[in-house]
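Chemist: Pasting input34.txt below, which is compact mmCIF, C-alpha atoms.
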```
# COMPACT_ATOMS: atom_id res chain seq x y z
CA MET C 53 0.00 0.00 0.00
CA ALA C 54 1.38 3.42 -0.97
CA ASN C 55 2.40 5.83 1.78
CA LEU C 56 0.09 8.75 2.59
CA GLU C 57 1.31 12.01 0.97
CA ILE C 58 0.73 15.25 2.93
CA LYS C 59 2.01 18.84 2.86
CA LEU C 60 2.43 20.81 6.09
CA SER C 61 3.02 24.57 6.25
CA ALA C 62 4.75 26.73 8.83
CA ASN C 63 1.61 28.90 8.62
CA LYS C 64 -0.36 27.40 11.51
CA ARG C 65 -3.53 29.47 11.37
CA GLN C 66 -5.50 26.28 10.71
CA PRO C 67 -4.75 22.54 10.96
CA TYR C 68 -4.18 20.22 8.01
CA VAL C 69 -7.49 18.37 7.51
CA ARG C 70 -7.38 16.99 3.96
CA HIS C 71 -6.12 13.58 5.09
CA ARG C 72 -5.72 11.75 8.37
CA VAL C 73 -3.20 9.15 9.48
CA VAL C 74 -4.84 5.93 10.67
CA GLY C 75 -3.16 3.18 12.67
CA ARG C 76 -4.14 0.46 15.13
CA VAL C 77 -3.18 -0.05 18.75
CA GLY C 78 0.08 -1.99 18.98
CA ASP C 79 1.10 -1.43 15.35
CA GLY C 80 4.72 -0.44 14.97
CA GLY C 81 6.67 0.17 11.78
CA LEU C 82 3.57 -0.43 9.63
CA THR C 83 2.36 3.12 8.97
CA THR C 84 4.65 5.54 7.08
CA ILE C 85 3.82 9.02 5.75
CA ASN C 86 5.61 11.08 3.12
CA VAL C 87 5.65 14.76 4.12
CA GLN C 88 6.70 17.96 2.37
CA LEU C 89 7.40 20.84 4.74
CA LEU C 90 6.52 24.31 3.36
CA GLU C 91 7.22 27.91 4.36
CA ALA C 92 4.42 30.07 5.79
CA ASP C 93 3.35 31.11 2.26
CA GLU C 94 2.20 27.47 1.81
CA VAL C 95 4.06 27.26 -1.53
CA THR C 96 7.86 27.55 -1.02
CA PRO C 97 9.61 24.35 0.21
CA PHE C 98 11.14 24.61 3.68
CA VAL C 99 14.90 24.03 3.39
CA ILE C 100 16.08 21.66 6.13
CA ASP C 101 19.57 22.31 7.48
CA PRO C 102 20.85 18.82 8.48
CA SER C 103 22.88 20.40 11.28
CA GLY C 104 19.62 21.14 13.08
CA SER C 105 17.15 18.59 14.46
CA LEU C 106 13.71 17.57 13.19
CA LYS C 107 11.26 15.83 15.49
CA PHE C 108 7.72 14.42 15.48
CA ILE C 109 5.80 15.57 18.60
CA ALA C 110 2.29 14.47 19.59
CA GLN C 111 -0.13 14.16 22.48
CA ASN C 112 -2.30 11.04 22.39
CA SER C 113 -5.98 10.79 23.35
CA ILE C 114 -5.26 10.52 27.09
CA GLY C 115 -2.86 13.48 27.09
CA LYS C 116 0.42 11.51 27.14
CA PHE C 117 3.23 12.92 25.00
CA THR C 118 4.86 10.72 22.36
CA ASP C 119 7.53 11.56 19.80
CA GLY C 120 9.93 10.24 17.18
CA PHE C 121 12.48 11.28 14.57
CA PRO C 122 11.69 11.42 10.83
CA THR C 123 14.07 10.61 7.99
CA ILE C 124 15.16 13.49 5.72
CA VAL C 125 14.71 12.46 2.07
CA ASP C 126 15.42 15.78 0.26
CA ALA C 127 16.53 18.65 2.53
CA THR C 128 16.36 21.30 -0.23
CA ASN C 129 12.73 20.52 -1.05
CA GLY C 130 11.68 19.85 2.55
CA LEU C 131 10.86 16.17 1.90
CA ILE C 132 10.83 13.75 4.84
CA THR C 133 9.29 10.41 5.82
CA TYR C 134 8.10 9.27 9.21
CA THR C 135 7.20 5.75 10.37
CA PHE C 136 4.99 5.54 13.45
CA SER C 137 6.29 3.40 16.30
CA LYS C 138 4.45 0.95 18.53
CA GLU C 139 4.83 3.53 21.36
CA ASN C 140 3.13 6.17 19.15
CA PHE C 141 0.16 3.81 18.67
CA SER C 142 -0.10 2.60 22.28
CA VAL C 143 -3.49 4.23 23.02
CA SER C 144 -6.64 4.22 20.86
CA ASN C 145 -8.68 7.20 19.63
CA LYS C 146 -7.75 10.55 18.05
CA PHE C 147 -4.55 12.38 19.06
CA LYS C 148 -5.08 15.70 20.78
CA ASN C 149 -2.39 17.16 18.52
CA ALA C 150 0.43 16.00 16.22
CA TYR C 151 3.04 18.05 14.38
CA PHE C 152 6.70 18.31 13.30
CA GLU C 153 9.19 20.69 14.91
CA TYR C 154 12.56 21.83 13.52
CA THR C 155 15.26 23.34 15.82
CA ASP C 156 18.38 25.00 14.34
CA LEU C 157 21.82 25.34 15.91
CA ASN C 158 20.76 28.64 17.58
CA ASN C 159 17.87 26.80 19.26
CA GLN C 160 15.35 28.69 17.07
CA LYS C 161 12.27 26.54 16.56
CA VAL C 162 9.89 26.28 13.63
CA THR C 163 6.71 24.23 14.03
CA PHE C 164 4.38 23.11 11.27
CA GLN C 165 0.63 22.55 10.91
CA ASP C 166 -1.15 20.07 13.15
CA PHE C 167 -2.44 17.00 11.32
CA ILE C 168 -4.97 14.34 12.34
CA VAL C 169 -3.86 10.96 13.73
CA ASP C 170 -6.48 8.31 14.60
CA VAL C 171 -5.56 5.10 16.41
CA LEU C 172 -8.09 2.30 16.10
CA PRO C 173 -8.61 -0.21 18.91
CA ARG C 174 -7.73 -3.84 18.41
CA ALA C 175 -10.54 -5.84 16.84
CA ASP C 176 -10.41 -9.65 16.81
CA ILE C 177 -12.87 -10.01 13.99
CA SER C 178 -13.13 -8.68 10.49
CA ALA C 179 -15.99 -8.78 8.01
CA GLU C 180 -14.46 -11.92 6.44
CA GLN C 181 -14.18 -13.57 9.88
CA ALA C 182 -17.82 -12.80 10.63
CA GLN C 183 -18.78 -14.47 7.35
CA TYR C 184 -16.64 -17.46 8.31
CA TYR C 185 -18.42 -17.82 11.68
CA VAL C 186 -21.85 -17.74 10.04
CA SER C 187 -20.76 -20.34 7.46
CA THR C 188 -19.38 -22.60 10.23
CA LEU C 189 -22.63 -22.39 12.18
CA GLU C 190 -24.63 -23.31 9.11
CA LYS C 191 -22.42 -26.39 8.57
CA LEU C 192 -22.78 -27.46 12.21
CA LEU C 193 -26.56 -27.17 12.01
CA GLU C 194 -26.54 -29.16 8.79
CA GLN C 195 -24.46 -31.89 10.48
CA PHE C 196 -26.86 -31.91 13.42
CA ASN C 197 -29.90 -32.36 11.17
CA THR C 198 -28.23 -35.13 9.18
CA LYS C 199 -27.19 -37.07 12.24
CA PHE C 200 -30.57 -36.71 13.84
CA GLU C 201 -32.34 -37.91 10.70
CA HIS C 202 -30.02 -40.94 10.50
CA PHE C 203 -30.70 -41.60 14.13
CA LEU C 204 -34.46 -41.71 13.53
CA GLU C 205 -34.05 -44.00 10.52
CA GLU C 206 -32.14 -46.64 12.44
CA SER C 207 -34.55 -49.24 13.79
CA SER C 208 -32.25 -51.50 15.73
CA LEU C 209 -30.43 -49.11 18.05
CA ASP C 210 -29.46 -50.40 21.40
CA TYR C 211 -29.34 -48.30 24.54
CA GLN C 212 -25.59 -47.71 24.33
CA THR C 213 -25.91 -46.38 20.77
CA LEU C 214 -28.77 -44.10 21.86
CA TYR C 215 -26.72 -42.78 24.77
CA THR C 216 -23.71 -42.12 22.51
CA LYS C 217 -25.88 -40.26 20.01
CA TYR C 218 -27.36 -38.20 22.84
CA ASN C 219 -23.92 -37.11 24.05
CA GLU C 220 -22.87 -36.20 20.53
CA LEU C 221 -25.97 -34.07 20.09
CA VAL C 222 -25.45 -32.30 23.43
CA ALA C 223 -21.84 -31.52 22.53
CA LEU C 224 -22.91 -30.22 19.13
CA ILE C 225 -25.60 -27.97 20.67
CA ASN C 226 -23.14 -26.58 23.23
CA SER C 227 -20.67 -25.81 20.45
CA ILE C 228 -23.37 -23.97 18.49
CA ASP C 229 -24.35 -21.91 21.57
CA LYS C 230 -20.74 -20.85 22.18
CA ASN C 231 -20.24 -19.81 18.56
CA VAL C 232 -23.51 -17.84 18.49
CA THR C 233 -22.51 -15.99 21.69
CA ALA C 234 -19.05 -15.19 20.30
CA LEU C 235 -20.49 -14.00 16.99
CA ASP C 236 -23.01 -11.75 18.77
CA GLU C 237 -20.19 -10.10 20.75
CA LYS C 238 -18.14 -9.52 17.61
CA ILE C 239 -21.12 -7.97 15.80
CA LYS C 240 -21.66 -5.56 18.72
CA GLU C 241 -17.97 -4.62 18.62
CA ALA C 242 -18.10 -4.04 14.85
CA ASP C 243 -21.08 -1.67 15.30
CA GLN C 244 -18.76 0.74 17.13
CA TYR C 245 -16.50 1.22 14.10
CA PHE C 246 -18.80 1.03 11.07
CA VAL C 247 -21.51 3.48 9.97
CA ALA C 248 -24.79 2.01 8.77
CA LYS C 249 -25.70 3.11 5.26
CA GLU C 250 -29.15 4.37 6.26
CA SER C 251 -27.66 6.62 8.95
CA VAL C 252 -26.08 8.99 6.38
CA GLU C 253 -29.22 9.20 4.24
CA VAL C 254 -28.17 10.53 0.78
CA GLY C 255 -24.47 10.61 1.63
CA PRO C 256 -22.03 12.27 4.05
CA LEU C 257 -20.53 15.71 3.41
CA ILE C 258 -16.82 14.89 3.38
CA PHE C 259 -13.50 16.67 2.86
CA LYS C 260 -12.47 16.28 -0.77
CA ASN C 261 -8.99 15.33 -1.95
CA THR C 262 -9.20 18.12 -4.54
CA THR C 263 -7.47 21.37 -3.54
CA VAL C 264 -8.86 24.56 -5.08
CA THR C 265 -6.05 26.49 -6.81
CA THR C 266 -6.61 27.75 -10.39
CA GLN C 267 -9.94 26.05 -11.21
CA ASP C 268 -12.97 27.97 -12.48
CA TRP C 269 -15.33 27.98 -9.49
CA ASN C 270 -18.30 27.51 -11.84
CA ASP C 271 -16.96 23.99 -12.48
CA ILE C 272 -16.73 22.96 -8.78
CA THR C 273 -20.17 21.37 -8.37
CA GLU C 274 -19.66 18.05 -6.55
CA SER C 275 -20.89 18.06 -2.92
CA GLY C 276 -18.12 18.26 -0.36
CA ILE C 277 -15.68 20.51 1.48
CA TYR C 278 -12.70 21.84 -0.49
CA TYR C 279 -9.56 23.53 0.85
CA CYS C 280 -8.57 26.73 -0.99
CA ALA C 281 -4.77 27.09 -1.23
CA ALA C 282 -3.99 30.57 -2.64
CA ALA C 283 -6.85 30.06 -5.13
CA THR C 284 -6.85 32.40 -8.16
CA GLY C 285 -9.46 30.85 -10.47
CA ALA C 286 -12.35 32.56 -12.25
CA ASN C 287 -15.72 33.36 -10.61
CA MET C 288 -14.40 33.58 -7.04
CA PRO C 289 -16.17 35.78 -4.45
CA TYR C 290 -13.45 38.43 -4.84
CA THR C 291 -10.04 38.81 -6.46
CA GLY C 292 -6.70 37.95 -4.89
CA LYS C 293 -5.27 34.74 -3.47
CA LEU C 294 -8.02 33.02 -1.51
CA TYR C 295 -7.46 30.72 1.45
CA GLY C 296 -10.09 28.97 3.56
CA PHE C 297 -12.82 26.46 2.74
CA LEU C 298 -15.35 26.12 -0.07
CA THR C 299 -18.40 23.97 0.77
CA VAL C 300 -20.61 22.72 -2.09
CA TYR C 301 -24.16 21.40 -1.66
CA ASN C 302 -25.52 19.71 -4.80
CA GLU C 303 -29.11 18.49 -4.64
CA LEU C 304 -31.31 17.92 -7.69
CA ALA C 305 -31.56 21.21 -9.67
CA VAL C 306 -29.93 23.46 -7.05
CA ILE C 307 -26.23 23.91 -6.24
CA ILE C 308 -25.10 26.16 -3.39
CA GLN C 309 -21.49 27.29 -2.88
CA LYS C 310 -20.38 28.72 0.50
CA TYR C 311 -16.88 30.22 0.98
CA GLU C 312 -15.56 30.83 4.52
CA PHE C 313 -12.37 32.52 5.71
CA GLN C 314 -11.48 34.50 8.89
CA GLY C 315 -15.11 34.98 9.97
CA ALA C 316 -16.37 36.14 6.54
CA ILE C 317 -18.96 34.05 4.66
CA TYR C 318 -19.94 34.39 0.99
CA MET C 319 -22.69 32.39 -0.74
CA ARG C 320 -24.19 31.97 -4.21
CA THR C 321 -26.65 29.59 -5.91
CA LEU C 322 -26.90 27.83 -9.27
CA ALA C 323 -30.61 27.51 -10.12
CA GLY C 324 -33.40 28.87 -12.30
CA ASN C 325 -34.76 28.24 -15.77
CA PRO C 326 -32.51 28.56 -17.65
CA VAL C 327 -29.98 27.54 -15.02
CA SER C 328 -27.39 30.20 -14.13
CA TRP C 329 -25.13 31.19 -11.26
CA GLY C 330 -26.33 34.04 -9.06
CA SER C 331 -23.94 36.71 -7.81
CA TRP C 332 -21.90 36.20 -4.65
CA LYS C 333 -23.55 37.62 -1.50
CA LYS C 334 -21.60 38.38 1.66
CA ILE C 335 -23.43 37.46 4.86
CA ALA C 336 -23.36 40.57 7.07
CA ILE C 337 -22.46 40.27 10.74
CA SER C 338 -24.08 42.40 13.46
CA SER C 339 -21.32 45.02 13.45
CA GLU C 340 -21.85 45.66 9.71
CA VAL C 341 -25.58 46.47 9.73
CA MET C 342 -27.91 48.98 11.35
CA ASN C 343 -30.10 47.33 13.98
CA LEU C 344 -33.32 48.32 15.70
CA ASN C 345 -32.28 48.68 19.34
CA ASP C 346 -28.56 49.36 19.89
CA PRO C 347 -27.04 52.86 19.68
CA GLN C 348 -24.92 53.12 16.54
CA SER C 349 -22.98 55.64 14.47
CA SER C 350 -23.05 55.45 10.69
CA PHE C 351 -20.83 56.98 7.99
CA GLY C 352 -21.78 57.73 4.39
CA LEU C 353 -24.75 59.39 2.70
CA LYS C 354 -28.14 57.82 3.50
CA ASN C 355 -31.00 58.73 1.14
CA PHE C 356 -34.35 58.29 2.90
CA ILE C 357 -36.72 58.48 -0.07
CA ASP C 358 -39.95 58.27 1.95
CA GLY C 359 -38.87 60.75 4.66
CA ILE C 360 -37.86 60.45 8.33
CA GLN C 361 -40.07 60.29 11.41
CA ILE C 362 -39.41 60.45 15.16
CA ASN C 363 -42.20 59.13 17.35
CA GLY C 364 -44.61 59.28 14.41
CA LYS C 365 -43.80 62.89 13.40
CA ASP C 366 -42.03 63.93 10.22
CA ILE C 367 -38.57 65.45 10.54
CA ARG C 368 -38.16 68.56 8.35
CA THR C 369 -34.79 68.54 6.67
CA LYS C 370 -32.64 71.35 5.33
CA TYR C 371 -34.11 70.72 1.88
CA SER C 372 -37.85 70.17 2.38
CA THR C 373 -39.86 70.02 -0.84
CA SER C 374 -43.32 70.05 0.72
CA TRP C 375 -45.32 72.92 2.22
CA THR C 376 -46.10 72.60 5.92
CA LYS C 377 -49.08 74.27 7.58
CA LEU C 378 -47.97 76.30 10.61
CA GLU C 379 -49.95 76.42 13.82
CA ILE C 380 -50.77 80.14 14.35
CA ILE C 381 -51.10 81.46 17.91
CA GLY C 382 -51.11 84.75 19.81
CA LYS C 383 -52.30 87.95 18.07
CA ALA C 384 -52.97 86.28 14.73
CA THR C 385 -55.34 83.66 13.35
CA SER C 386 -55.33 81.73 10.09
CA ASN C 387 -57.07 78.96 8.28
CA TYR C 388 -54.09 78.32 6.04
CA PHE C 389 -50.60 79.66 6.48
CA TYR C 390 -47.75 77.57 5.10
CA ALA C 391 -43.95 77.49 5.15
CA ARG C 392 -41.34 75.58 3.20
CA ARG C 393 -37.55 75.41 3.58
CA ASP C 394 -35.26 75.41 0.53
CA GLY C 395 -31.66 75.30 1.74
CA ASP C 396 -31.14 78.43 3.84
CA ILE C 397 -34.34 80.11 2.62
CA ILE C 398 -37.72 79.98 4.39
CA ASN C 399 -40.72 80.65 2.11
CA PHE C 400 -44.05 81.80 3.56
CA SER C 401 -47.41 81.67 1.80
CA GLY C 402 -50.98 82.06 2.99
CA GLN C 403 -53.45 84.21 4.90
CA LEU C 404 -53.14 85.84 8.35
CA MET C 405 -55.67 87.86 10.37
CA ILE C 406 -53.48 90.11 12.59
CA GLU C 407 -54.68 92.16 15.52
CA PRO C 408 -53.43 95.79 15.99
CA ILE C 409 -50.00 95.95 17.71
CA ASN C 410 -49.20 99.57 18.49
CA SER C 411 -45.89 99.19 20.35
CA TRP C 412 -42.68 97.48 19.25
CA SER C 413 -42.48 94.01 20.81
CA GLU C 414 -42.09 90.35 19.89
CA ASN C 415 -45.57 88.85 19.48
CA VAL C 416 -44.96 85.21 18.62
CA ILE C 417 -47.44 83.69 16.19
CA GLY C 418 -45.59 80.48 15.17
CA ASN C 419 -42.61 78.24 15.98
CA LEU C 420 -40.16 77.67 13.11
CA LYS C 421 -37.37 76.05 15.13
CA SER C 422 -39.36 72.91 15.96
CA GLU C 423 -40.70 72.61 12.42
CA PHE C 424 -37.66 73.58 10.35
CA HIS C 425 -34.74 73.63 12.82
CA VAL C 426 -33.79 77.29 12.16
CA ALA C 427 -32.37 80.05 14.28
CA VAL C 428 -31.10 83.55 13.56
CA ILE C 429 -27.39 83.94 12.92
CA PRO C 430 -26.02 86.38 15.54
CA GLY C 431 -25.94 89.95 14.18
CA LEU C 432 -28.53 89.25 11.46
CA ASN C 433 -31.75 89.63 13.46
CA ASN C 434 -33.45 91.59 10.67
CA ILE C 435 -37.01 92.20 9.58
CA THR C 436 -38.42 89.23 7.70
CA TRP C 437 -41.18 91.09 5.90
CA ASP C 438 -43.24 94.30 5.76
CA ALA C 439 -46.67 93.07 4.70
CA ILE C 440 -49.62 95.29 3.55
CA SER C 441 -53.14 94.46 4.63
CA GLU C 442 -55.80 93.36 2.13
CA ASP C 443 -57.44 96.83 2.23
CA GLY C 444 -54.07 98.51 1.72
CA LYS C 445 -54.34 100.65 4.86
CA THR C 446 -52.12 98.81 7.36
CA HIS C 447 -48.57 97.42 7.45
CA ALA C 448 -47.33 94.51 9.57
CA LEU C 449 -43.64 94.02 10.38
CA ALA C 450 -42.43 90.45 11.13
CA ARG C 451 -39.10 88.78 11.87
CA ILE C 452 -37.49 85.52 13.11
CA THR C 453 -36.62 85.68 16.81
CA LYS C 454 -33.32 84.51 18.22
CA ASP C 455 -34.90 81.28 19.42
CA GLY C 456 -36.38 80.45 15.99
CA LYS C 457 -39.94 81.75 16.30
CA LEU C 458 -42.00 83.87 13.86
CA ALA C 459 -43.11 87.10 15.56
CA ILE C 460 -45.18 90.19 14.55
CA MET C 461 -43.26 93.19 15.86
CA GLN C 462 -45.74 96.03 15.14
CA THR C 463 -48.58 97.17 12.91
CA TYR C 464 -48.86 100.76 11.69
CA GLY C 465 -51.28 102.79 9.58
CA ASP C 466 -54.95 102.08 10.29
CA THR C 467 -54.72 100.14 13.54
CA THR C 468 -58.36 100.42 14.63
CA ALA C 469 -59.19 96.78 13.96
CA ALA C 470 -57.72 93.41 12.99
CA LYS C 471 -56.78 93.27 9.34
CA ASN C 472 -56.45 90.43 6.81
CA TYR C 473 -53.07 89.93 5.12
CA TRP C 474 -52.11 87.77 2.16
CA ILE C 475 -48.50 86.74 2.63
CA SER C 476 -46.08 85.50 -0.03
CA ARG C 477 -42.57 86.18 1.20
CA SER C 478 -39.14 84.58 1.46
CA PHE C 479 -36.86 84.98 4.45
CA PRO C 480 -33.23 85.17 3.18
CA ALA C 481 -30.25 83.31 4.49
CA ALA C 482 -30.03 84.99 7.87
CA ILE C 483 -30.50 81.62 9.55
CA SER C 484 -28.36 78.67 10.54
CA TYR C 485 -29.09 74.98 10.09
CA GLU C 486 -29.22 73.01 13.34
```
Could you take the file, read its structure, and then write that structure out as structure tokens?

Modeler:
Amino acid sequence: MANLEIKLSANKRQPYVRHRVVGRVGDGGLTTINVQLLEADEVTPFVIDPSGSLKFIAQNSIGKFTDGFPTIVDATNGLITYTFSKENFSVSNKFKNAYFEYTDLNNQKVTFQDFIVDVLPRADISAEQAQYYVSTLEKLLEQFNTKFEHFLEESSLDYQTLYTKYNELVALINSIDKNVTALDEKIKEADQYFVAKESVEVGPLIFKNTTVTTQDWNDITESGIYYCAAATGANMPYTGKLYGFLTVYNELAVIIQKYEFQGAIYMRTLAGNPVSWGSWKKIAISSEVMNLNDPQSSFGLKNFIDGIQINGKDIRTKYSTSWTKLEIIGKATSNYFYARRDGDIINFSGQLMIEPINSWSENVIGNLKSEFHVAVIPGLNNITWDAISEDGKTHALARITKDGKLAIMQTYGDTTAAKNYWISRSFPAAISYE
């Protein structure tokens, strides 16, 4: 049987899982592996200086350390062989770890990837032996039936012959019982090491011997787990040299590819009519998305097409395209008085009924700060408009207050009664956006 061929890198970010070494308890000198040691780039051969020392180091399933020394085959290309000793295979089950370590003359150490070592327990029966036991039992039963039939056919048996036949039959039955018991024990033992076909349904998802390097990923369609070793083929999730694992699920008319490396996951699907590959989608983790409950900061422009609300109320932005009806209070009334913000300009339009105000004072009739987030820039607290009443006999002066409110400062002319005003004015950029 050919030796197992494996490649182990000084880049130890993940163990070597493409193959596993399998031995049996008590085996010594029977299992040999051919190994190529590579630099951390997983491509360049590791040059072995013979003046240093190279050692196999492992910890078996019960935590006991075991070691050995490999044979250097080609130092320049990092090629070695190692034959496992009886002491290496003294305990059954999977090693906790197993790797090679090189130490140079300056006592500088280089260790290589862990690889999997399984040690099987001793088993006194094989599938061929089980078949042999069944065949033997069938022959014994056949002998029993033949002898018993001959016994019944004989008509002149004496007592001694009958007694002899009885003892033979008892011995034969006891032999059958012992063999049945032994076979039952061996079958129970075999159940511990073999998987029933029905238990894996349509087939297990296994690590493939194929390493992904320069292949077109559209052509990798057989179910299984593939190791990517500096992959550069077409139709990858992104460009560059890819490491990690590609998992393929192939079922009927749907194929799913999933690529995983350093916590990132990309997926795509081959399906449809006609069948075609979909684009790669990266699965977002919690730190990459906006969520509903946690406080978060976000960079980049966000375009909220349908608007923004807080507690059910619209937020007016610096560039509002819709007219908003203002709630009029104080010394004015209105059925419709509207405002709209365009950049640093506030536009007013509508009707106001304003009571006479004979002395100069701030008479607030509406709040712009809460609706449009505006305030007066210091030093620019100017008159917003000088409006003329509908009958042309009265003027009303208005301005934006320092705290962002619309106020009527004074009326002059005919101030004997409340007058109706039609307003269509723009307040220039004497405001700041908050």

Chemist: Calculated over all atoms listed in the file, which of the candidates C:Ala223, C:Val95, C:Ala62, C:Leu235 has the smallest distance to Phe152 in chain C?

Modeler: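 Distance minimum relative to Phe152 in chain C lands on C:Ala62.
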
Chemist: Which residue out of C:Phe167, C:Phe117, C:Tyr154, C:Trp329 has the minimum interatomic distance to His71 in chain C when all atoms listed in the file are used?

Modeler: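 Of C:Phe167, C:Phe117, C:Tyr154, C:Trp329, the one nearest His71 in chain C, counting all atoms listed in the file, is C:Phe167.
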
Chemist: Restricting the calculation to all atoms listed in the file, which member of C:Pro289, C:Pro347, C:Gly75, C:Gly130 is positioned closest to Ser144 in chain C?

Modeler: C:Gly75

Chemist: Select, counting only C-alpha atoms, all protein, DNA and RNA residues no farther than 12 Å from (-18.8, 25.0, -14.7) in file coordinates, and express the selection as JSON, numbers by chain.

Modeler: {"C": [267, 268, 269, 270, 271, 272, 273, 274, 285, 286, 287, 307, 322, 327, 328, 329]}

Chemist: What's the separation between CA of Leu172 in chain C and CA of Thr233 in chain C, in Å to one decimal place?

Modeler: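 Those two atoms sit 24.0 Å apart.
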
Chemist: Quick one: 4 Å padding each side, axis-aligned, all listed atoms of range 340-354 of chain C - centre and edge lengths in Å to one decimal, as JSON?

Modeler:
```
{"center_x": -27.1, "center_y": 52.5, "center_z": 11.3, "size_x": 20.5, "size_y": 21.7, "size_z": 25.2}
```

Chemist: Check the smallest atom-to-atom distance from each of C:Gly456, C:Gly276, C:Pro67, C:Gly115 to Ile398 in chain C using all atoms listed in the file, then report the winner.

Modeler: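 The closest residue to Ile398 in chain C is C:Gly456.
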
Chemist: Do you know which residues are at most 10 Å from range 409-416 of chain C counting all atoms listed in the file, after dropping those on the same chain fewer than 2 positions away, and could you put them as a VMD selection string?

Modeler: chain C and resid 380 to 384 406 to 407 418 to 419 448 to 453 457 to 465 467 to 470

Chemist: Of the candidates C:Arg392, C:Lys64, C:Lys59, C:Lys138, which shows the shortest atom-to-atom distance to Gly80 in chain C, using all atoms listed in the file?

Modeler: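 Closest to Gly80 in chain C of all the choices is C:Lys138.
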
Chemist: Can range 328-345 of chain C be brought up to N, CA and C atoms and written out as a PDB file, in the frame of the given file?

Modeler:
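To be explicit, this is the file written out as part-v8.pdb:
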```pdb
ATOM      1  N   SER C 328     -28.527  29.281 -14.113  1.00  0.00           N
ATOM      2  CA  SER C 328     -27.390  30.200 -14.130  1.00  0.00           C
ATOM      3  C   SER C 328     -26.934  30.450 -12.699  1.00  0.00           C
ATOM      4  N   TRP C 329     -25.669  30.850 -12.576  1.00  0.00           N
ATOM      5  CA  TRP C 329     -25.130  31.190 -11.260  1.00  0.00           C
ATOM      6  C   TRP C 329     -25.598  32.583 -10.860  1.00  0.00           C
ATOM      7  N   GLY C 330     -26.042  32.725  -9.612  1.00  0.00           N
ATOM      8  CA  GLY C 330     -26.330  34.040  -9.060  1.00  0.00           C
ATOM      9  C   GLY C 330     -25.040  34.706  -8.606  1.00  0.00           C
ATOM     10  N   SER C 331     -25.125  35.988  -8.270  1.00  0.00           N
ATOM     11  CA  SER C 331     -23.940  36.710  -7.810  1.00  0.00           C
ATOM     12  C   SER C 331     -23.607  36.323  -6.372  1.00  0.00           C
ATOM     13  N   TRP C 332     -22.332  36.488  -6.015  1.00  0.00           N
ATOM     14  CA  TRP C 332     -21.900  36.200  -4.650  1.00  0.00           C
ATOM     15  C   TRP C 332     -22.505  37.225  -3.687  1.00  0.00           C
ATOM     16  N   LYS C 333     -22.996  36.761  -2.548  1.00  0.00           N
ATOM     17  CA  LYS C 333     -23.550  37.620  -1.500  1.00  0.00           C
ATOM     18  C   LYS C 333     -22.750  37.390  -0.221  1.00  0.00           C
ATOM     19  N   LYS C 334     -22.304  38.495   0.380  1.00  0.00           N
ATOM     20  CA  LYS C 334     -21.600  38.380   1.660  1.00  0.00           C
ATOM     21  C   LYS C 334     -22.616  38.425   2.785  1.00  0.00           C
ATOM     22  N   ILE C 335     -22.543  37.487   3.706  1.00  0.00           N
ATOM     23  CA  ILE C 335     -23.430  37.460   4.860  1.00  0.00           C
ATOM     24  C   ILE C 335     -22.933  38.492   5.869  1.00  0.00           C
ATOM     25  N   ALA C 336     -23.773  39.484   6.173  1.00  0.00           N
ATOM     26  CA  ALA C 336     -23.360  40.570   7.070  1.00  0.00           C
ATOM     27  C   ALA C 336     -23.433  40.107   8.530  1.00  0.00           C
ATOM     28  N   ILE C 337     -22.435  40.517   9.305  1.00  0.00           N
ATOM     29  CA  ILE C 337     -22.460  40.270  10.740  1.00  0.00           C
ATOM     30  C   ILE C 337     -23.050  41.485  11.441  1.00  0.00           C
ATOM     31  N   SER C 338     -23.345  41.362  12.739  1.00  0.00           N
ATOM     32  CA  SER C 338     -24.080  42.400  13.460  1.00  0.00           C
ATOM     33  C   SER C 338     -23.380  43.746  13.435  1.00  0.00           C
ATOM     34  N   SER C 339     -22.042  43.750  13.425  1.00  0.00           N
ATOM     35  CA  SER C 339     -21.320  45.020  13.450  1.00  0.00           C
ATOM     36  C   SER C 339     -21.330  45.726  12.100  1.00  0.00           C
ATOM     37  N   GLU C 340     -21.849  45.079  11.052  1.00  0.00           N
ATOM     38  CA  GLU C 340     -21.850  45.660   9.710  1.00  0.00           C
ATOM     39  C   GLU C 340     -23.214  46.179   9.288  1.00  0.00           C
ATOM     40  N   VAL C 341     -24.236  46.061  10.117  1.00  0.00           N
ATOM     41  CA  VAL C 341     -25.580  46.470   9.730  1.00  0.00           C
ATOM     42  C   VAL C 341     -26.175  47.373  10.798  1.00  0.00           C
ATOM     43  N   MET C 342     -27.155  48.184  10.400  1.00  0.00           N
ATOM     44  CA  MET C 342     -27.910  48.980  11.350  1.00  0.00           C
ATOM     45  C   MET C 342     -28.970  48.093  11.980  1.00  0.00           C
ATOM     46  N   ASN C 343     -29.096  48.153  13.323  1.00  0.00           N
ATOM     47  CA  ASN C 343     -30.100  47.330  13.980  1.00  0.00           C
ATOM     48  C   ASN C 343     -31.143  48.204  14.659  1.00  0.00           C
ATOM     49  N   LEU C 344     -32.158  47.584  15.207  1.00  0.00           N
ATOM     50  CA  LEU C 344     -33.320  48.320  15.700  1.00  0.00           C
ATOM     51  C   LEU C 344     -33.127  48.898  17.091  1.00  0.00           C
ATOM     52  N   ASN C 345     -32.282  48.307  17.923  1.00  0.00           N
ATOM     53  CA  ASN C 345     -32.280  48.680  19.340  1.00  0.00           C
ATOM     54  C   ASN C 345     -30.986  49.315  19.837  1.00  0.00           C
TER      55      ASN C 345
END
```
